[in-house]
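> Next up is a structure, given as structure tokens.
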Amino acid sequence: MSINTDGHGRVELTSNSNIEGTSLYNKDLAPVPFKGRNWKTYNYLALWMSIAHGIPTYYLASGLIDMGMSWVQAVGTIALGNIIVLIPLLLNSHAGAKYGIPFPVFARAAFGTRGANIPALIRAASACAWFGIQTWVGGQAIYTLTGVFAGDGWRHATEIGGHAWTLWLSFGIFWLIQMAILIRGIDTIRHLENWAAPLILVVAFILLIWVMSLAGGLGGMATAPSELGWGPEFWRIFPGALMGMIAFYATMSVNIADFTRYAKSQKAHLVGQPIGLVPTVVAFTTIGALTTSATIEVWGEAIWDPVELVGLIPNGIIVFFSMICIIVATVAVNVASNLVGPAFDFSNAFPKRVTFKIGGIITGVIAILMQPWNLLANNSVFIFAFLGVAGAFLGSVAGVLVTEYWIVRKRYLNVEELYRHEGRYFYRNGFNWRAIVALVMALVLSAGGAYTAPGTEGPFPENGIIPFLKPLYDLNWAVAFLTGILVYLALTKLFPPESLVLDEAEREAEREHSAMTAAIKLQTAQVPLYGAVAPDSVSGADTATDESSPQHLERKER
């Protein structure tokens, strides 16, 4: 493997010629060269501002307040969940930025060249559901905007399946807009995120100021105490609510390499992501809660849906501007967080048949089949059933990936062999049984006790699927994440793959080459009059050809 390194913690292949002919390669999954890695700190800040400004984020607090929390408790729970999710998010970002590889290729290191499809498709299923939810919200925005100008004939059109046919049409239009952006490619997505980031925040402030002016203040909810207090009733529902908030962005914590592969440096994403995520979510959910509090004073009921609220504004120009902002912002959120990832995931499953663009279209079709209008119909199902189970799946995957990269492989990957079935990541028949066992155990412990709370609707029995595991379900994401780490680490220590010997030999060779390169650059800087030029590339560790080189070691996995 011949590589270039730079001073920003990144590695690139000098050529893809050794992997282009393999069945695991296509241009969309290929490692990004240095010249293609141009995302700076602002790009990652804007990415997370756009994602955090999604309409579902606006009413994240609504489900928690409906359960009896005060708005302070609700926003605090949301903030803590996002701080926690930053841990796997940033840890799983490193490999993408260092090697320029997307999530499904990164997953091959832990799960095997074939086994990587297991976490990739788990993540894709969750993203498909979210894509459908956001598309439904975007369709509602188009429906409401058009209704302001088209009148009752549009708003009260004949119903099909419980909704006006004009709403279904709006849903379809929004779906097509996103598909068009996908076909334009990743650069179009980056530019969209950069300028769309603040739009929805502008609308949120407009709504807050307008409703406050009507209510003469923030309303009773803003000062109302918690119905649960800070006693046992609050702490009984807090763990499940917190895990739901973590699961809200758990999909991105797993597949974040799909974006950090374009990072200009490790610093770019390490600084941009925390600044863009946590403060934005806290500010946006706070505005949502306070605005809704004021709506109670004006209309006698809580109006959590900002799309519905915008439709009540009597000024047509403001409605038009606000709805356009909502539509653009929702497109930006959905394409970035729920379309890019599964597009790569489906491409990874069939590299020679499914491109990034075809994978995105597959995502869109599956999203419709998952009926997002039903997922949003009940807060208990949405937070505790859908988000809870999704968190369990994705927490286990995140735990295995973090352990493999940071502890087992010590941040070293042989990029070329990630694209070969005969390489060290083939394990046994393309599957790493250690990762799969860890995944299954994590899922059983974290989701085996899934239950439906008394007095609410849900798909699970009240006593849990496996009753004695019921207490663990309230901590599903944490249980899954920690179980994935501990079980995978234990199995790797007890039954170490032989490829770790290769890693150590190549890491040592890489360190020697790095030291030699630094010495050459230092010498060059000291003798500029002779016109010495530093080498453009450094041959990687596996260019050795003697009998002791890693390439001559046995690579058959046991």
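So you can find residues: chains in the structure tokens are A, B, ... in the order shown, residues in each start at 1, and ligands are numbered from 1 in order.
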Run DSSP on the backbone and tell me which residues of stretch 75-235 of chain A come out as helix (DSSP H, G or I); list them as a PyMOL selection string.
chain A and resi 75-91+93-99+103-111+117-150+152-155+165-184+186-196+199-215+220-222+232-235
> Can you tell me which residues surround stretch 176-181 of chain A at a distance of at most 9 Å, considering only C-alpha atoms, apart from same-chain residues fewer than 6 positions away, and format the answer as a PyMOL selection string?
chain A and resi 135+188-189+331-332+334-335+339+357+360-361+364
> If you count only C-alpha atoms, which residues fall within 12 Å of stretch 60-66 of chain A, apart from same-chain ones fewer than 6 positions away, as a PyMOL selection string?
chain A and resi 52-54+72-79+81+221-222+224-228+234+237-242+244-246+248+281-293+302-306+376-384+387
> Take the residues that were just selected and, keeping C-alpha atoms, output them as a tab-separated table (two decimals), in the first residue's frame.

```tsv
chain	number	residue	atom	x	y	z
A	52	ALA	CA	-30.56	20.55	14.36
A	53	HIS	CA	-33.02	23.05	12.85
A	54	GLY	CA	-35.29	20.32	11.54
A	72	VAL	CA	-36.87	23.39	31.58
A	73	GLN	CA	-36.77	19.68	32.35
A	74	ALA	CA	-37.57	18.85	28.73
A	75	VAL	CA	-34.87	21.10	27.25
A	76	GLY	CA	-32.37	19.92	29.87
A	77	THR	CA	-33.05	16.29	28.95
A	78	ILE	CA	-32.60	17.09	25.27
A	79	ALA	CA	-29.33	18.97	25.93
A	81	GLY	CA	-28.82	13.59	25.32
A	221	MET	CA	-46.35	27.08	30.30
A	222	ALA	CA	-43.16	29.10	30.55
A	224	ALA	CA	-45.65	26.41	35.09
A	225	PRO	CA	-43.99	23.92	37.43
A	226	SER	CA	-43.41	20.35	36.38
A	227	GLU	CA	-46.37	18.02	36.88
A	228	LEU	CA	-43.82	15.38	37.86
A	234	PHE	CA	-39.79	12.34	37.07
A	237	ILE	CA	-39.59	8.42	32.97
A	238	PHE	CA	-36.28	10.30	32.66
A	239	PRO	CA	-34.06	7.37	31.54
A	240	GLY	CA	-36.38	6.39	28.70
A	241	ALA	CA	-36.79	10.00	27.62
A	242	LEU	CA	-33.01	10.56	27.69
A	244	GLY	CA	-34.95	8.69	23.11
A	245	MET	CA	-33.13	12.00	22.79
A	246	ILE	CA	-29.82	10.17	22.25
A	248	PHE	CA	-32.65	11.08	17.80
A	281	VAL	CA	-30.56	22.07	19.57
A	282	VAL	CA	-30.89	23.75	22.97
A	283	ALA	CA	-31.76	27.15	21.45
A	284	PHE	CA	-34.21	25.71	18.91
A	285	THR	CA	-36.11	23.47	21.34
A	286	THR	CA	-36.27	26.34	23.85
A	287	ILE	CA	-37.83	28.62	21.23
A	288	GLY	CA	-40.28	25.86	20.34
A	289	ALA	CA	-41.34	25.34	23.95
A	290	LEU	CA	-41.72	29.07	24.71
A	291	THR	CA	-43.63	29.77	21.50
A	292	THR	CA	-46.01	26.92	22.22
A	293	SER	CA	-46.55	28.25	25.74
A	302	ALA	CA	-50.89	24.12	22.57
A	303	ILE	CA	-49.90	24.36	18.90
A	304	TRP	CA	-46.59	22.53	18.61
A	305	ASP	CA	-46.45	22.24	14.84
A	306	PRO	CA	-44.66	25.34	13.44
A	376	LEU	CA	-45.74	10.79	13.94
A	377	ALA	CA	-49.31	10.15	15.03
A	378	ASN	CA	-48.48	9.11	18.60
A	379	ASN	CA	-45.74	10.61	20.79
A	380	SER	CA	-45.41	7.52	22.99
A	381	VAL	CA	-44.85	5.27	20.00
A	382	PHE	CA	-42.51	7.82	18.40
A	383	ILE	CA	-40.25	8.37	21.43
A	384	PHE	CA	-40.34	5.06	23.29
A	387	LEU	CA	-36.61	5.92	18.87
```
> Identify, on the basis of only C-alpha atoms, every residue whose closest approach to stretch 103-119 of chain A does not exceed 6 Å; exclude the query and any residue fewer than 5 positions from it along the same chain; express the result as an mmCIF file with all heavy atoms, in the first residue's frame.

```cif
data_model
loop_
_atom_site.group_PDB
_atom_site.id
_atom_site.type_symbol
_atom_site.label_atom_id
_atom_site.label_comp_id
_atom_site.auth_asym_id
_atom_site.auth_seq_id
_atom_site.Cartn_x
_atom_site.Cartn_y
_atom_site.Cartn_z
ATOM 1 N N ASN A 255 -22.853 6.815 11.235
ATOM 2 C CA ASN A 255 -22.403 6.971 9.849
ATOM 3 C C ASN A 255 -21.725 8.318 9.576
ATOM 4 O O ASN A 255 -21.600 8.730 8.432
ATOM 5 C CB ASN A 255 -23.587 6.808 8.884
ATOM 6 C CG ASN A 255 -24.425 8.059 8.779
ATOM 7 O OD1 ASN A 255 -25.054 8.460 9.739
ATOM 8 N ND2 ASN A 255 -24.436 8.679 7.611
ATOM 9 N N ALA A 257 -18.810 9.204 9.373
ATOM 10 C CA ALA A 257 -17.669 9.126 8.447
ATOM 11 C C ALA A 257 -18.076 9.454 7.015
ATOM 12 O O ALA A 257 -17.234 9.855 6.204
ATOM 13 C CB ALA A 257 -17.024 7.743 8.502
ATOM 14 N N ASP A 258 -19.363 9.299 6.691
ATOM 15 C CA ASP A 258 -19.840 9.671 5.357
ATOM 16 C C ASP A 258 -19.593 11.148 5.067
ATOM 17 O O ASP A 258 -19.516 11.549 3.898
ATOM 18 C CB ASP A 258 -21.341 9.380 5.229
ATOM 19 C CG ASP A 258 -21.661 7.896 5.217
ATOM 20 O OD1 ASP A 258 -20.776 7.105 4.857
ATOM 21 O OD2 ASP A 258 -22.789 7.535 5.590
ATOM 22 N N ASP A 345 -24.935 3.158 2.143
ATOM 23 C CA ASP A 345 -25.153 1.832 2.713
ATOM 24 C C ASP A 345 -25.663 0.843 1.664
ATOM 25 O O ASP A 345 -25.193 -0.297 1.575
ATOM 26 C CB ASP A 345 -26.150 1.909 3.873
ATOM 27 C CG ASP A 345 -25.629 2.759 5.020
ATOM 28 O OD1 ASP A 345 -24.399 2.898 5.131
ATOM 29 O OD2 ASP A 345 -26.453 3.293 5.786
ATOM 30 N N ALA A 349 -23.834 -2.585 -0.214
ATOM 31 C CA ALA A 349 -24.385 -3.937 -0.320
ATOM 32 C C ALA A 349 -24.210 -4.505 -1.724
ATOM 33 O O ALA A 349 -23.991 -5.716 -1.890
ATOM 34 C CB ALA A 349 -25.857 -3.933 0.076
ATOM 35 N N GLU A 404 -13.270 -1.336 17.914
ATOM 36 C CA GLU A 404 -12.412 -1.847 16.848
ATOM 37 C C GLU A 404 -11.368 -0.819 16.441
ATOM 38 O O GLU A 404 -10.175 -1.126 16.347
ATOM 39 C CB GLU A 404 -13.268 -2.222 15.634
ATOM 40 C CG GLU A 404 -12.496 -2.491 14.347
ATOM 41 C CD GLU A 404 -11.721 -3.797 14.364
ATOM 42 O OE1 GLU A 404 -11.915 -4.599 15.288
ATOM 43 O OE2 GLU A 404 -10.911 -4.016 13.431
ATOM 44 N N TYR A 425 -9.401 -8.100 6.470
ATOM 45 C CA TYR A 425 -10.750 -7.827 6.962
ATOM 46 C C TYR A 425 -11.789 -8.796 6.397
ATOM 47 O O TYR A 425 -12.982 -8.603 6.585
ATOM 48 C CB TYR A 425 -11.137 -6.379 6.630
ATOM 49 C CG TYR A 425 -10.099 -5.387 7.095
ATOM 50 C CD1 TYR A 425 -9.361 -4.634 6.179
ATOM 51 C CD2 TYR A 425 -9.811 -5.225 8.444
ATOM 52 C CE1 TYR A 425 -8.387 -3.737 6.594
ATOM 53 C CE2 TYR A 425 -8.837 -4.333 8.878
ATOM 54 C CZ TYR A 425 -8.120 -3.590 7.945
ATOM 55 O OH TYR A 425 -7.143 -2.711 8.369
ATOM 56 N N PHE A 426 -11.296 -9.840 5.730
ATOM 57 C CA PHE A 426 -12.205 -10.881 5.240
ATOM 58 C C PHE A 426 -12.612 -11.808 6.386
ATOM 59 O O PHE A 426 -13.682 -12.417 6.344
ATOM 60 C CB PHE A 426 -11.519 -11.684 4.127
ATOM 61 C CG PHE A 426 -12.414 -12.683 3.454
ATOM 62 C CD1 PHE A 426 -13.516 -12.278 2.727
ATOM 63 C CD2 PHE A 426 -12.159 -14.050 3.546
ATOM 64 C CE1 PHE A 426 -14.345 -13.197 2.088
ATOM 65 C CE2 PHE A 426 -12.975 -14.981 2.924
ATOM 66 C CZ PHE A 426 -14.072 -14.543 2.193
ATOM 67 N N GLY A 430 -15.822 -13.559 5.101
ATOM 68 C CA GLY A 430 -16.279 -12.183 5.015
ATOM 69 C C GLY A 430 -16.977 -11.673 6.259
ATOM 70 O O GLY A 430 -17.441 -10.525 6.274
ATOM 71 N N PHE A 431 -17.047 -12.497 7.318
ATOM 72 C CA PHE A 431 -17.745 -12.114 8.540
ATOM 73 C C PHE A 431 -16.815 -12.236 9.746
ATOM 74 O O PHE A 431 -16.118 -13.238 9.899
ATOM 75 C CB PHE A 431 -18.969 -13.007 8.778
ATOM 76 C CG PHE A 431 -20.043 -12.862 7.742
ATOM 77 C CD1 PHE A 431 -20.025 -13.637 6.585
ATOM 78 C CD2 PHE A 431 -21.068 -11.940 7.912
ATOM 79 C CE1 PHE A 431 -21.019 -13.509 5.624
ATOM 80 C CE2 PHE A 431 -22.066 -11.807 6.954
ATOM 81 C CZ PHE A 431 -22.042 -12.588 5.802
ATOM 82 N N ASN A 432 -16.810 -11.235 10.596
ATOM 83 C CA ASN A 432 -16.094 -11.284 11.867
ATOM 84 C C ASN A 432 -17.088 -11.723 12.938
ATOM 85 O O ASN A 432 -17.918 -10.927 13.396
ATOM 86 C CB ASN A 432 -15.493 -9.930 12.214
ATOM 87 C CG ASN A 432 -14.711 -9.955 13.510
ATOM 88 O OD1 ASN A 432 -14.528 -11.006 14.133
ATOM 89 N ND2 ASN A 432 -14.235 -8.795 13.938
ATOM 90 N N ALA A 435 -17.688 -9.545 16.216
ATOM 91 C CA ALA A 435 -18.540 -8.360 16.126
ATOM 92 C C ALA A 435 -20.016 -8.740 16.081
ATOM 93 O O ALA A 435 -20.866 -8.074 16.688
ATOM 94 C CB ALA A 435 -18.171 -7.542 14.891
#
```
> Could you state the separation of atom CA of A:Thr363 and atom CA of A:Cys128 in Å, given to one decimal place?
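Taking atom CA of A:Thr363 as the start and atom CA of A:Cys128 as the end point, the length is 5.6 Å.
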> Between A:Phe320, A:Trp433, A:Trp406, A:Phe171, which has the minimum distance to A:Phe149 (counting only C-alpha atoms)?
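The closest residue to A:Phe149 is A:Phe320.
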> I'd like the contact shell of A:Thr146 - 12 Å cut-off, only C-alpha atoms, skipping same-chain residues fewer than 4 positions apart - returned as a PyMOL selection string.
chain A and resi 139-142+150-155+166-167+169-170+307+311+316+319-320+323-324
> Atom CA of A:Trp165 and atom CA of A:Ile362 are how many Å apart?
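A separation of 24.1 Å between them.
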> Find, counting only C-alpha atoms, the residue in A:Tyr143, A:Phe356, A:Phe205, A:Trp71 that gets nearest to A:Pro342.
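Residue with the minimum atom-to-atom distance to A:Pro342: A:Phe356.
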> Return the single residue from A:Thr280, A:Asn43, A:Leu270, A:Ser70 that is closest to A:Tyr58, with distances computed using only C-alpha atoms.
A:Thr280
> Mind giving me the straight-line distance from atom CA of A:Ser50 to atom CA of A:Ser396 in Å, one decimal?
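Pair atom CA of A:Ser50 / atom CA of A:Ser396 returns 26.6 Å.
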> Neighbouring residues of stretch 28-36 of chain A were defined as those with any atom within 7 Å, considering only C-alpha atoms; residues of the same chain fewer than 2 positions away were excluded. Please report them as a list in words.
Glu12, Tyr25, Asn26, Asn38, Tyr99, Gly100, Ile101, Pro102, Arg261, Tyr262, Thr355 and Phe356 of chain A
> Those same residues - all heavy atoms - I'd like them written as an mmCIF file, in the first residue's frame.

```
data_model
loop_
_atom_site.group_PDB
_atom_site.id
_atom_site.type_symbol
_atom_site.label_atom_id
_atom_site.label_comp_id
_atom_site.auth_asym_id
_atom_site.auth_seq_id
_atom_site.Cartn_x
_atom_site.Cartn_y
_atom_site.Cartn_z
ATOM 1 N N GLU A 12 -3.843 9.341 2.419
ATOM 2 C CA GLU A 12 -4.497 9.044 1.140
ATOM 3 C C GLU A 12 -3.694 7.996 0.393
ATOM 4 O O GLU A 12 -2.475 7.880 0.569
ATOM 5 C CB GLU A 12 -4.626 10.296 0.271
ATOM 6 C CG GLU A 12 -3.309 10.775 -0.330
ATOM 7 C CD GLU A 12 -3.486 11.852 -1.395
ATOM 8 O OE1 GLU A 12 -4.635 12.147 -1.755
ATOM 9 O OE2 GLU A 12 -2.458 12.383 -1.867
ATOM 10 N N TYR A 25 -15.442 -2.357 -4.715
ATOM 11 C CA TYR A 25 -15.096 -0.970 -5.066
ATOM 12 C C TYR A 25 -16.101 -0.370 -6.043
ATOM 13 O O TYR A 25 -16.582 -1.034 -6.961
ATOM 14 C CB TYR A 25 -13.702 -0.940 -5.701
ATOM 15 C CG TYR A 25 -13.272 0.417 -6.221
ATOM 16 C CD1 TYR A 25 -12.545 1.284 -5.430
ATOM 17 C CD2 TYR A 25 -13.584 0.825 -7.525
ATOM 18 C CE1 TYR A 25 -12.129 2.532 -5.894
ATOM 19 C CE2 TYR A 25 -13.184 2.070 -8.006
ATOM 20 C CZ TYR A 25 -12.457 2.912 -7.197
ATOM 21 O OH TYR A 25 -12.054 4.139 -7.667
ATOM 22 N N ASN A 26 -16.447 0.868 -5.820
ATOM 23 C CA ASN A 26 -17.005 1.713 -6.871
ATOM 24 C C ASN A 26 -16.576 3.143 -6.568
ATOM 25 O O ASN A 26 -16.047 3.431 -5.487
ATOM 26 C CB ASN A 26 -18.545 1.562 -7.014
ATOM 27 C CG ASN A 26 -19.321 2.101 -5.830
ATOM 28 O OD1 ASN A 26 -18.934 3.068 -5.181
ATOM 29 N ND2 ASN A 26 -20.448 1.452 -5.535
ATOM 30 N N ASN A 38 -12.288 19.072 1.229
ATOM 31 C CA ASN A 38 -12.292 20.536 1.318
ATOM 32 C C ASN A 38 -13.322 21.083 2.299
ATOM 33 O O ASN A 38 -13.650 22.265 2.277
ATOM 34 C CB ASN A 38 -12.534 21.137 -0.073
ATOM 35 C CG ASN A 38 -13.751 20.534 -0.755
ATOM 36 O OD1 ASN A 38 -14.564 19.859 -0.121
ATOM 37 N ND2 ASN A 38 -13.869 20.762 -2.058
ATOM 38 N N TYR A 99 -8.775 8.643 6.728
ATOM 39 C CA TYR A 99 -8.596 7.801 5.545
ATOM 40 C C TYR A 99 -9.491 8.178 4.363
ATOM 41 O O TYR A 99 -9.329 7.620 3.278
ATOM 42 C CB TYR A 99 -8.841 6.332 5.909
ATOM 43 C CG TYR A 99 -7.815 5.788 6.879
ATOM 44 C CD1 TYR A 99 -8.132 5.595 8.225
ATOM 45 C CD2 TYR A 99 -6.522 5.484 6.462
ATOM 46 C CE1 TYR A 99 -7.191 5.100 9.124
ATOM 47 C CE2 TYR A 99 -5.577 4.988 7.347
ATOM 48 C CZ TYR A 99 -5.913 4.805 8.676
ATOM 49 O OH TYR A 99 -4.976 4.320 9.562
ATOM 50 N N GLY A 100 -10.453 9.071 4.553
ATOM 51 C CA GLY A 100 -11.322 9.469 3.448
ATOM 52 C C GLY A 100 -12.316 8.413 3.036
ATOM 53 O O GLY A 100 -12.765 8.388 1.894
ATOM 54 N N ILE A 101 -12.711 7.537 3.975
ATOM 55 C CA ILE A 101 -13.619 6.432 3.646
ATOM 56 C C ILE A 101 -15.001 6.659 4.247
ATOM 57 O O ILE A 101 -15.131 7.252 5.323
ATOM 58 C CB ILE A 101 -13.056 5.088 4.146
ATOM 59 C CG1 ILE A 101 -12.729 5.165 5.646
ATOM 60 C CG2 ILE A 101 -11.827 4.693 3.340
ATOM 61 C CD1 ILE A 101 -12.253 3.854 6.256
ATOM 62 N N PRO A 102 -16.068 6.171 3.592
ATOM 63 C CA PRO A 102 -17.422 6.310 4.137
ATOM 64 C C PRO A 102 -17.689 5.260 5.208
ATOM 65 O O PRO A 102 -16.930 4.286 5.353
ATOM 66 C CB PRO A 102 -18.311 6.099 2.909
ATOM 67 C CG PRO A 102 -17.515 5.171 2.040
ATOM 68 C CD PRO A 102 -16.070 5.575 2.237
ATOM 69 N N ARG A 261 -15.205 12.208 5.868
ATOM 70 C CA ARG A 261 -14.266 11.779 4.825
ATOM 71 C C ARG A 261 -13.854 12.950 3.923
ATOM 72 O O ARG A 261 -12.855 12.880 3.215
ATOM 73 C CB ARG A 261 -14.882 10.658 3.981
ATOM 74 C CG ARG A 261 -16.085 11.092 3.154
ATOM 75 C CD ARG A 261 -16.822 9.925 2.531
ATOM 76 N NE ARG A 261 -15.997 9.179 1.596
ATOM 77 C CZ ARG A 261 -16.435 8.672 0.440
ATOM 78 N NH1 ARG A 261 -17.682 8.878 0.053
ATOM 79 N NH2 ARG A 261 -15.633 7.999 -0.341
ATOM 80 N N TYR A 262 -14.634 14.031 3.967
ATOM 81 C CA TYR A 262 -14.323 15.211 3.154
ATOM 82 C C TYR A 262 -13.622 16.314 3.968
ATOM 83 O O TYR A 262 -13.435 17.424 3.471
ATOM 84 C CB TYR A 262 -15.619 15.781 2.559
ATOM 85 C CG TYR A 262 -16.384 14.795 1.711
ATOM 86 C CD1 TYR A 262 -17.554 14.197 2.198
ATOM 87 C CD2 TYR A 262 -15.941 14.430 0.441
ATOM 88 C CE1 TYR A 262 -18.264 13.280 1.434
ATOM 89 C CE2 TYR A 262 -16.646 13.509 -0.326
ATOM 90 C CZ TYR A 262 -17.799 12.933 0.173
ATOM 91 O OH TYR A 262 -18.487 12.020 -0.573
ATOM 92 N N THR A 355 -25.173 2.501 -7.370
ATOM 93 C CA THR A 355 -24.353 3.690 -7.142
ATOM 94 C C THR A 355 -24.944 4.497 -5.989
ATOM 95 O O THR A 355 -26.015 4.173 -5.459
ATOM 96 C CB THR A 355 -24.324 4.577 -8.395
ATOM 97 O OG1 THR A 355 -25.669 5.046 -8.662
ATOM 98 C CG2 THR A 355 -23.807 3.814 -9.600
ATOM 99 N N PHE A 356 -24.265 5.555 -5.605
ATOM 100 C CA PHE A 356 -24.752 6.445 -4.559
ATOM 101 C C PHE A 356 -26.134 6.987 -4.920
ATOM 102 O O PHE A 356 -27.040 7.030 -4.073
ATOM 103 C CB PHE A 356 -23.753 7.592 -4.373
ATOM 104 C CG PHE A 356 -24.228 8.702 -3.487
ATOM 105 C CD1 PHE A 356 -24.252 8.557 -2.110
ATOM 106 C CD2 PHE A 356 -24.664 9.907 -4.035
ATOM 107 C CE1 PHE A 356 -24.691 9.588 -1.288
ATOM 108 C CE2 PHE A 356 -25.100 10.940 -3.218
ATOM 109 C CZ PHE A 356 -25.107 10.782 -1.839
#
```
> Where does DSSP see strand (DSSP E or B) in stretch 78-309 of chain A, if you list the residues as a ChimeraX atom specification?
/A:159-160,163-164,263
> Generate the output file for the selected residues, C-alpha atoms, as a compact mmCIF listing (two decimals), in the first residue's frame.

```txt
# COMPACT_ATOMS: atom_id res chain seq x y z
CA GLU A 159 -59.60 12.73 1.50
CA ILE A 160 -57.69 9.62 0.54
CA HIS A 163 -55.65 12.90 4.40
CA ALA A 164 -56.56 15.38 1.67
CA ALA A 263 -12.66 17.03 6.10
```
